[in-house]
$ cat protein_10.cif   # mmCIF, C-alpha atoms
data_data
loop_
_atom_site.group_PDB
_atom_site.id
_atom_site.type_symbol
_atom_site.label_atom_id
_atom_site.label_comp_id
_atom_site.auth_asym_id
_atom_site.auth_seq_id
_atom_site.Cartn_x
_atom_site.Cartn_y
_atom_site.Cartn_z
ATOM 1 C CA MET A 1 -66.919 -12.096 6.356
ATOM 2 C CA ALA A 2 -65.953 -9.453 3.867
ATOM 3 C CA ARG A 3 -67.253 -6.893 6.251
ATOM 4 C CA SER A 4 -65.215 -8.107 9.203
ATOM 5 C CA SER A 5 -61.952 -8.401 7.222
ATOM 6 C CA SER A 6 -62.287 -4.839 5.951
ATOM 7 C CA GLY A 7 -62.842 -3.748 9.542
ATOM 8 C CA ILE A 8 -59.678 -5.556 10.600
ATOM 9 C CA VAL A 9 -57.686 -3.950 7.777
ATOM 10 C CA ALA A 10 -59.068 -0.546 8.701
ATOM 11 C CA GLY A 11 -58.164 -1.115 12.348
ATOM 12 C CA LEU A 12 -54.645 -2.249 11.509
ATOM 13 C CA THR A 13 -54.160 0.729 9.157
ATOM 14 C CA ALA A 14 -55.328 3.125 11.866
ATOM 15 C CA ALA A 15 -52.988 1.515 14.414
ATOM 16 C CA ALA A 16 -50.066 1.694 11.984
ATOM 17 C CA LEU A 17 -50.752 5.365 11.232
ATOM 18 C CA ALA A 18 -50.933 6.127 14.934
ATOM 19 C CA ALA A 19 -47.627 4.353 15.563
ATOM 20 C CA VAL A 20 -45.922 6.169 12.678
ATOM 21 C CA GLY A 21 -47.345 9.485 13.901
ATOM 22 C CA PHE A 22 -46.078 8.827 17.437
ATOM 23 C CA LEU A 23 -42.583 7.890 16.191
ATOM 24 C CA ALA A 24 -42.480 10.992 13.956
ATOM 25 C CA TYR A 25 -43.418 13.159 16.931
ATOM 26 C CA GLN A 26 -40.625 11.604 19.048
ATOM 27 C CA ALA A 27 -38.086 12.093 16.245
ATOM 28 C CA SER A 28 -39.011 15.720 15.715
ATOM 29 C CA ALA A 29 -38.747 16.438 19.427
ATOM 30 C CA THR A 30 -35.097 15.309 19.461
ATOM 31 C CA ALA A 31 -34.010 16.733 16.053
ATOM 32 C CA PRO A 32 -31.660 19.736 16.003
ATOM 33 C CA GLU A 33 -33.288 23.104 15.383
ATOM 34 C CA THR A 34 -31.244 23.599 12.216
ATOM 35 C CA LEU A 35 -32.608 20.442 10.568
ATOM 36 C CA GLY A 36 -34.642 21.379 7.524
ATOM 37 C CA LYS A 37 -33.612 25.046 7.602
ATOM 38 C CA PRO A 38 -31.590 26.536 4.734
ATOM 39 C CA LYS A 39 -27.845 26.523 5.321
ATOM 40 C CA GLN A 40 -26.255 29.828 6.183
ATOM 41 C CA ASP A 41 -22.601 30.710 5.844
ATOM 42 C CA ALA A 42 -20.697 29.146 8.699
ATOM 43 C CA PRO A 43 -19.410 31.670 11.189
ATOM 44 C CA SER A 44 -15.699 32.322 11.023
ATOM 45 C CA GLU A 45 -13.695 30.087 13.278
ATOM 46 C CA ALA A 46 -10.894 32.623 13.514
ATOM 47 C CA PRO A 47 -9.819 33.464 17.036
ATOM 48 C CA HIS A 48 -11.027 36.726 18.524
ATOM 49 C CA ASN A 49 -7.492 38.063 18.797
ATOM 50 C CA PRO A 50 -5.865 36.779 15.616
ATOM 51 C CA LYS A 51 -2.090 36.715 15.580
ATOM 52 C CA PRO A 52 -0.812 38.737 12.625
ATOM 53 C CA GLU A 53 0.692 36.533 9.947
ATOM 54 C CA ALA A 54 4.361 37.002 9.214
ATOM 55 C CA ASP A 55 5.054 38.966 6.058
ATOM 56 C CA PRO A 56 6.714 36.512 3.650
ATOM 57 C CA LYS A 57 8.739 39.407 2.235
ATOM 58 C CA ALA A 58 10.052 40.510 5.637
ATOM 59 C CA VAL A 59 13.756 40.021 6.301
ATOM 60 C CA PRO A 60 14.185 36.732 8.231
ATOM 61 C CA ALA A 61 14.720 37.459 11.928
ATOM 62 C CA ALA A 62 17.607 34.995 12.313
ATOM 63 C CA SER A 63 19.675 36.503 9.506
ATOM 64 C CA GLY A 64 22.017 38.668 11.526
ATOM 65 C CA LYS A 65 22.518 42.412 11.571
ATOM 66 C CA GLY A 66 24.062 45.064 9.398
ATOM 67 C CA THR A 67 24.512 45.270 5.652
ATOM 68 C CA ARG A 68 24.085 41.831 4.125
ATOM 69 C CA VAL A 69 22.579 39.668 1.421
ATOM 70 C CA VAL A 70 20.120 37.129 2.837
ATOM 71 C CA TYR A 71 19.274 34.006 0.847
ATOM 72 C CA ALA A 72 16.409 31.792 2.102
ATOM 73 C CA LEU A 73 16.692 28.255 0.743
ATOM 74 C CA LYS A 74 13.114 27.205 1.502
ATOM 75 C CA SER A 75 11.405 30.198 -0.090
ATOM 76 C CA ASP A 76 14.024 30.805 -2.824
ATOM 77 C CA ARG A 77 14.069 34.498 -1.928
ATOM 78 C CA VAL A 78 16.866 37.043 -1.550
ATOM 79 C CA TRP A 79 16.951 40.276 0.459
ATOM 80 C CA LEU A 80 19.474 43.058 -0.005
ATOM 81 C CA VAL A 81 19.582 44.476 3.525
ATOM 82 C CA GLY A 82 21.004 47.898 4.356
ATOM 83 C CA ALA A 83 22.918 48.904 7.499
ATOM 84 C CA GLY A 84 19.686 49.790 9.327
ATOM 85 C CA GLY A 85 18.293 46.271 8.935
ATOM 86 C CA LYS A 86 15.684 47.258 6.329
ATOM 87 C CA ALA A 87 15.442 45.444 3.008
ATOM 88 C CA LYS A 88 16.404 47.704 0.123
ATOM 89 C CA ARG A 89 15.128 45.063 -2.286
ATOM 90 C CA THR A 90 13.738 41.541 -2.159
ATOM 91 C CA PHE A 91 13.111 39.123 -4.989
ATOM 92 C CA GLU A 92 12.600 35.478 -5.829
ATOM 93 C CA VAL A 93 15.378 33.434 -7.411
ATOM 94 C CA THR A 94 15.687 30.084 -9.153
ATOM 95 C CA PRO A 95 17.980 27.887 -7.050
ATOM 96 C CA SER A 96 20.950 25.984 -8.395
ATOM 97 C CA SER A 97 21.142 22.195 -8.293
ATOM 98 C CA VAL A 98 23.739 22.461 -5.483
ATOM 99 C CA ASP A 99 22.714 24.447 -2.386
ATOM 100 C CA PRO A 100 25.062 26.084 0.099
ATOM 101 C CA LEU A 101 24.615 25.072 3.721
ATOM 102 C CA PRO A 102 22.886 27.589 6.003
ATOM 103 C CA GLY A 103 25.450 29.915 7.520
ATOM 104 C CA GLU A 104 27.385 33.136 7.047
ATOM 105 C CA TYR A 105 29.610 33.715 4.022
ATOM 106 C CA SER A 106 31.234 36.666 2.243
ATOM 107 C CA VAL A 107 31.297 37.614 -1.416
ATOM 108 C CA THR A 108 34.622 36.211 -2.640
ATOM 109 C CA THR A 109 34.694 37.002 -6.363
ATOM 110 C CA ARG A 110 32.627 38.719 -9.028
ATOM 111 C CA SER A 111 32.515 38.540 -12.809
ATOM 112 C CA GLY A 112 30.827 40.989 -15.146
ATOM 113 C CA SER A 113 30.004 38.341 -17.754
ATOM 114 C CA VAL A 114 31.011 34.721 -18.260
ATOM 115 C CA VAL A 115 29.520 31.453 -19.451
ATOM 116 C CA GLY A 116 27.868 29.536 -16.626
ATOM 117 C CA SER A 117 28.626 25.927 -15.774
ATOM 118 C CA ASP A 118 25.391 25.049 -17.591
ATOM 119 C CA GLY A 119 26.678 26.659 -20.807
ATOM 120 C CA VAL A 120 24.415 29.738 -20.560
ATOM 121 C CA PRO A 121 25.998 33.210 -20.972
ATOM 122 C CA ILE A 122 25.515 35.025 -17.648
ATOM 123 C CA GLU A 123 26.251 38.444 -16.189
ATOM 124 C CA HIS A 124 26.590 40.130 -12.809
ATOM 125 C CA VAL A 125 28.022 37.019 -11.169
ATOM 126 C CA VAL A 126 28.461 37.349 -7.388
ATOM 127 C CA ARG A 127 30.127 34.253 -5.854
ATOM 128 C CA PHE A 128 30.124 33.542 -2.138
ATOM 129 C CA ALA A 129 30.586 29.804 -1.452
ATOM 130 C CA ASN A 130 32.051 26.567 -2.758
ATOM 131 C CA VAL A 131 30.411 23.171 -2.197
ATOM 132 C CA ASP A 132 32.361 20.073 -3.256
ATOM 133 C CA GLY A 133 34.213 22.021 -5.947
ATOM 134 C CA VAL A 134 31.072 23.781 -7.242
ATOM 135 C CA ALA A 135 31.170 27.593 -7.036
ATOM 136 C CA ILE A 136 27.917 28.997 -5.612
ATOM 137 C CA GLY A 137 26.767 32.474 -6.564
ATOM 138 C CA PHE A 138 24.048 34.724 -7.897
ATOM 139 C CA SER A 139 23.826 35.498 -11.603
ATOM 140 C CA ALA A 140 21.478 36.556 -14.376
ATOM 141 C CA ALA A 141 21.249 34.945 -17.803
ATOM 142 C CA VAL A 142 22.076 37.454 -20.545
ATOM 143 C CA ASP A 143 19.005 36.309 -22.495
ATOM 144 C CA GLY A 144 16.800 37.053 -19.451
ATOM 145 C CA SER A 145 15.762 33.437 -18.901
ATOM 146 C CA VAL A 146 15.554 31.868 -15.451
ATOM 147 C CA PRO A 147 15.239 28.156 -16.232
ATOM 148 C CA LYS A 148 15.143 25.490 -13.563
ATOM 149 C CA PRO A 149 18.530 23.769 -13.271
ATOM 150 C CA ASP A 150 19.110 20.313 -14.692
ATOM 151 C CA PRO A 151 19.198 18.098 -11.563
ATOM 152 C CA THR A 152 21.649 15.734 -13.293
ATOM 153 C CA GLN A 153 24.283 18.521 -13.499
ATOM 154 C CA LYS A 154 26.091 20.011 -10.511
ATOM 155 C CA THR A 155 25.612 23.757 -10.943
ATOM 156 C CA GLY A 156 25.937 26.550 -8.420
ATOM 157 C CA GLY A 157 24.267 29.424 -10.265
ATOM 158 C CA ILE A 158 21.369 30.920 -8.313
ATOM 159 C CA ARG A 159 19.523 32.684 -11.126
ATOM 160 C CA GLU A 160 17.853 36.064 -10.863
ATOM 161 C CA THR A 161 16.220 38.343 -13.407
ATOM 162 C CA ARG A 162 18.506 40.783 -15.174
ATOM 163 C CA ALA A 163 17.095 43.711 -13.154
ATOM 164 C CA ASP A 164 17.623 41.840 -9.875
ATOM 165 C CA GLY A 165 21.106 40.786 -11.048
ATOM 166 C CA LYS A 166 22.004 44.416 -11.691
ATOM 167 C CA ALA A 167 20.761 45.376 -8.201
ATOM 168 C CA MET A 168 22.773 42.517 -6.648
ATOM 169 C CA TRP A 169 25.866 43.580 -8.606
ATOM 170 C CA SER A 170 25.606 47.154 -7.289
ATOM 171 C CA PHE A 171 24.951 46.014 -3.707
ATOM 172 C CA ALA A 172 27.188 42.971 -3.137
ATOM 173 C CA THR A 173 30.819 43.925 -3.598
ATOM 174 C CA VAL A 174 33.708 41.650 -2.561
ATOM 175 C CA GLY A 175 33.593 41.163 1.215
ATOM 176 C CA THR A 176 29.831 41.815 1.570
ATOM 177 C CA LYS A 177 28.255 39.414 4.060
ATOM 178 C CA VAL A 178 25.920 36.738 2.644
ATOM 179 C CA VAL A 179 23.696 34.914 5.116
ATOM 180 C CA VAL A 180 22.041 31.687 3.998
ATOM 181 C CA VAL A 181 19.019 30.664 6.060
ATOM 182 C CA PRO A 182 16.938 27.481 5.749
#

$ encode --input "protein_10.cif" --output "structure tokens"
Amino acid sequence: MARSSSGIVAGLTAAALAAVGFLAYQASATAPETLGKPKQDAPSEAPHNPKPEADPKAVPAASGKGTRVVYALKSDRVWLVGAGGKAKRTFEVTPSSVDPLPGEYSVTTRSGSVVGSDGVPIEHVVRFANVDGVAIGFSAAVDGSVPKPDPTQKTGGIRETRADGKAMWSFATVGTKVVVVP
């Protein structure tokens, strides 16, 4: 009987191997060609005619015409725009805790040096709006700092570096248009 049970085991093993071989063949016939091959860098999914990205430093299109200061609330950026529509200078600013609404304003007053509503000595102050009794304007801290405003205080000072403050001071005289965009 030992002989016949080993023959049965051998037959079952052979049948199992044949079944596994057949299933492996079926699986390999339906597998993708890339299966088991080393990964290559994926091809770029960029369109064939890519649309050029907008230059984040370009003067916003909806900011009017002529000589003006443009202040973009979302990007915290300012442009000093000449009569021809080209930016003479652009720079980032630190916003105040009180923002002006989008719209067109004019420089109303300027101060060479004062103490800001946050207690910091500032220079080259160029004011253009008033929101709920808070004067809004551009300024530079005399010590060169550009700290984030305290959100618990209502301040209107949009802070710039001293070099940018000097450029703003030279450019934005009383009456100069200031356009605030979102």

$ resolve_selection --input "protein_10.cif" --expression "the PyMOL selection byres ((chain A and resi 173) around 12)" --output "list of chain:residue names"
A:Thr67, A:Arg68, A:Val69, A:Leu80, A:Ser106, A:Val107, A:Thr108, A:Thr109, A:Arg110, A:Ser111, A:Gly112, A:His124, A:Val125, A:Val126, A:Arg127, A:Phe128, A:Lys166, A:Ala167, A:Met168, A:Trp169, A:Ser170, A:Phe171, A:Ala172, A:Val174, A:Gly175, A:Thr176, A:Lys177, A:Val178

$ resolve_selection --input "protein_10.cif" --expression "the PyMOL selection byres ((chain A and resi 142) around 6)" --output "ChimeraX atom specification"
/A:121-122,141,143-144

$ resolve_selection --input "protein_10.cif" --expression "the PyMOL selection byres ((chain A and resi 140) around 6)" --output "tab-separated table (two decimals) with C-alpha atoms, in the coordinates of the input"
chain	number	residue	atom	x	y	z
A	122	ILE	CA	25.52	35.02	-17.65
A	123	GLU	CA	26.25	38.44	-16.19
A	139	SER	CA	23.83	35.50	-11.60
A	141	ALA	CA	21.25	34.94	-17.80
A	159	ARG	CA	19.52	32.68	-11.13
A	160	GLU	CA	17.85	36.06	-10.86
A	161	THR	CA	16.22	38.34	-13.41
A	162	ARG	CA	18.51	40.78	-15.17
A	165	GLY	CA	21.11	40.79	-11.05

$ closest_residue --input "protein_10.cif" --among "A:Val114, A:Ala163, A:Val179, A:Val120" --to "Val78 in chain A" --atoms "only C-alpha atoms"
A:Val179

$ closest_residue --input "protein_10.cif" --among "A:Ser63, A:Thr152, A:Ser75, A:Thr90" --to "Asp164 in chain A" --atoms "all atoms listed in the file"
A:Thr90

$ residues_around --input "protein_10.cif" --residues "Pro95 in chain A" --least-positions-apart "2" --cutoff "8 Å" --atoms "all atoms listed in the file" --output "number ranges by chain"
A: 73, 76, 93, 97, 99, 148-149, 157-159
